[in-house]
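Note sheet for the following structure.
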Amino acid sequence: MKEVLLEITDIKYDYREDGEVLPVLNEINLSILEGEFVCIIGPSGCGKTTLFNILVGLERPDQGKIILDGQDITCTRGHIAYMPQEDLLFPWRKIMDNLLLGVEINKGDLKAARKEAEGLLPLFGLEGFADSYPDQLSGGMRQRAALLRTVLTHHSILALDEPFGALDALTRAKMQKWILSIQEKLNKTILFVTHDIEEAITLADRVVVLNGRPSTITKELKVELPYPRQKTDVKFIEYKEELLERLSDTEF
């Protein structure tokens, strides 16, 4: 039986500007199992990215705790690997230099990190591109490079904020298959934000719906379908209808 790796407990967050208070998150409670792939969906502006910022220590919640492997990590950084929506590769640095940026900033062992990165390049479909610049890569390859940079932090949890949102449909479908193979091979726990319900069902062990204002978790759906999942499968369609119904339950 898988152990609980991450606990999000009673998280509340209000956005404040010019004396105005806008409630964003209210009593968010969620447990993530080791090795689980969890997709978080919800309408634009519901606080998905804010929740990720709290998880990785970029924002301070007004209430609640983030517990990782029994340790309170609330408001601290360096425990969860975070990949934002943009790939954020520096255009003036070669791909290998981009991959090693985090190790460089943290004054880690660059020689060992380079050797590890070189060994992972084929798995990430980047073999032969270590000396290329970001503008020489396709959108999918840039995203794979950004994810490899995230993996090289050696954190057990990857928080990925709409990593495929800017890709065309065909590339996105290929990346979905690819990330499932990466998770299986590297045994990572993945939290994945997406606006795409079909993408969530395609990837996740569990889909979490964030909805309302302030946002709360209104649905947790365990996806019980074997991989690879087919969008024409009757159960897939039922899951999609159930999630669409839940998203439309609350006016936003």
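We label chains A, B, ... in the order they appear in the structure tokens, count residues from 1 in each chain, and number ligands from 1 in the order shown.
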Test item, strand (DSSP E) assignment across range 30-192 of chain A, answer as a list in words:
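Of range 30-192 of chain A, only Leu30, Ser31, Ile32, Leu33, Phe37, Val38, Cys39, Ile40, Ile41, Gln63, Gly64, Lys65, Ile66, Ile67, Leu68, Gln71, Asp72, Ala81, Tyr82, Met83, Ile157, Leu158, Ala159, Leu160, Asp161, Thr189, Ile190, Leu191 and Phe192 of chain A fall in strand (DSSP E).
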Can those selected residues be exported to a file as a compact mmCIF listing (two decimals), in the first residue's frame so that it contains C-alpha atoms?
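Final output, saved to result.txt:
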# COMPACT_ATOMS: atom_id res chain seq x y z
CA LEU A 30 -5.58 17.11 0.00
CA SER A 31 -3.37 14.06 0.59
CA ILE A 32 -0.99 12.87 -2.14
CA LEU A 33 0.35 9.32 -2.17
CA PHE A 37 -0.09 11.25 -10.59
CA VAL A 38 -2.66 13.86 -9.56
CA CYS A 39 -4.17 16.38 -11.98
CA ILE A 40 -5.76 19.57 -10.67
CA ILE A 41 -8.37 21.18 -12.88
CA GLN A 63 -4.00 29.61 7.24
CA GLY A 64 -2.96 25.97 7.03
CA LYS A 65 0.12 23.80 6.59
CA ILE A 66 2.05 21.89 3.94
CA ILE A 67 3.45 18.62 5.31
CA LEU A 68 5.97 16.66 3.25
CA GLN A 71 7.88 17.53 7.97
CA ASP A 72 6.21 20.94 8.04
CA ALA A 81 10.43 20.77 -7.78
CA TYR A 82 8.39 23.39 -9.64
CA MET A 83 8.00 23.82 -13.39
CA ILE A 157 7.51 15.62 -6.04
CA LEU A 158 7.23 17.45 -9.35
CA ALA A 159 4.71 20.32 -9.48
CA LEU A 160 3.98 21.02 -13.16
CA ASP A 161 1.81 24.04 -13.97
CA THR A 189 5.09 11.84 -7.62
CA ILE A 190 3.49 14.36 -9.97
CA LEU A 191 1.08 17.22 -9.35
CA PHE A 192 -0.12 18.52 -12.70
Write out as JSON, numbers by chain each polymer residue whose atoms come within 8 Å of Glu220 in chain A, counting only C-alpha atoms; drop sequence neighbours fewer than 3 positions from it.
{"A": [206, 207, 208, 209, 217]}
Spatial neighbours of Gln176 in chain A, 10 Å, only C-alpha atoms, chain gap at least 2 places, as a list of chain:residue names:
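So, after excluding close chain neighbours, the residues are A:Phe164, A:Thr171, A:Arg172, A:Ala173, A:Lys174, A:Trp178, A:Ile179, A:Leu180, A:Ser181, A:Glu199, A:Ala200, A:Thr202, A:Leu203.
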How many Å lie between CA of Gly47 in chain A and CA of Val24 in chain A, rounded to one decimal?
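Interatomic distance, CA of Gly47 in chain A to CA of Val24 in chain A: 6.0 Å.
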For Asp14 in chain A, list every protein, DNA or RNA residue within 9 Å, evaluated using only C-alpha atoms, and leave out those in the same chain fewer than 3 positions away; present the list as a ChimeraX atom specification.
/A:21-26,61-62,214
Print the selection's residues with C-alpha atoms to a file, as a tab-separated table (two decimals), in the first residue's frame.
chain	number	residue	atom	x	y	z
A	21	VAL	CA	-9.40	41.58	0.05
A	22	LEU	CA	-10.20	38.91	-2.54
A	23	PRO	CA	-10.66	35.40	-1.08
A	24	VAL	CA	-8.88	32.90	-3.37
A	25	LEU	CA	-8.54	29.57	-1.56
A	26	ASN	CA	-10.64	28.29	1.34
A	61	PRO	CA	-0.97	31.04	3.18
A	62	ASP	CA	-3.21	32.92	5.61
A	214	PRO	CA	-13.11	31.35	-2.88
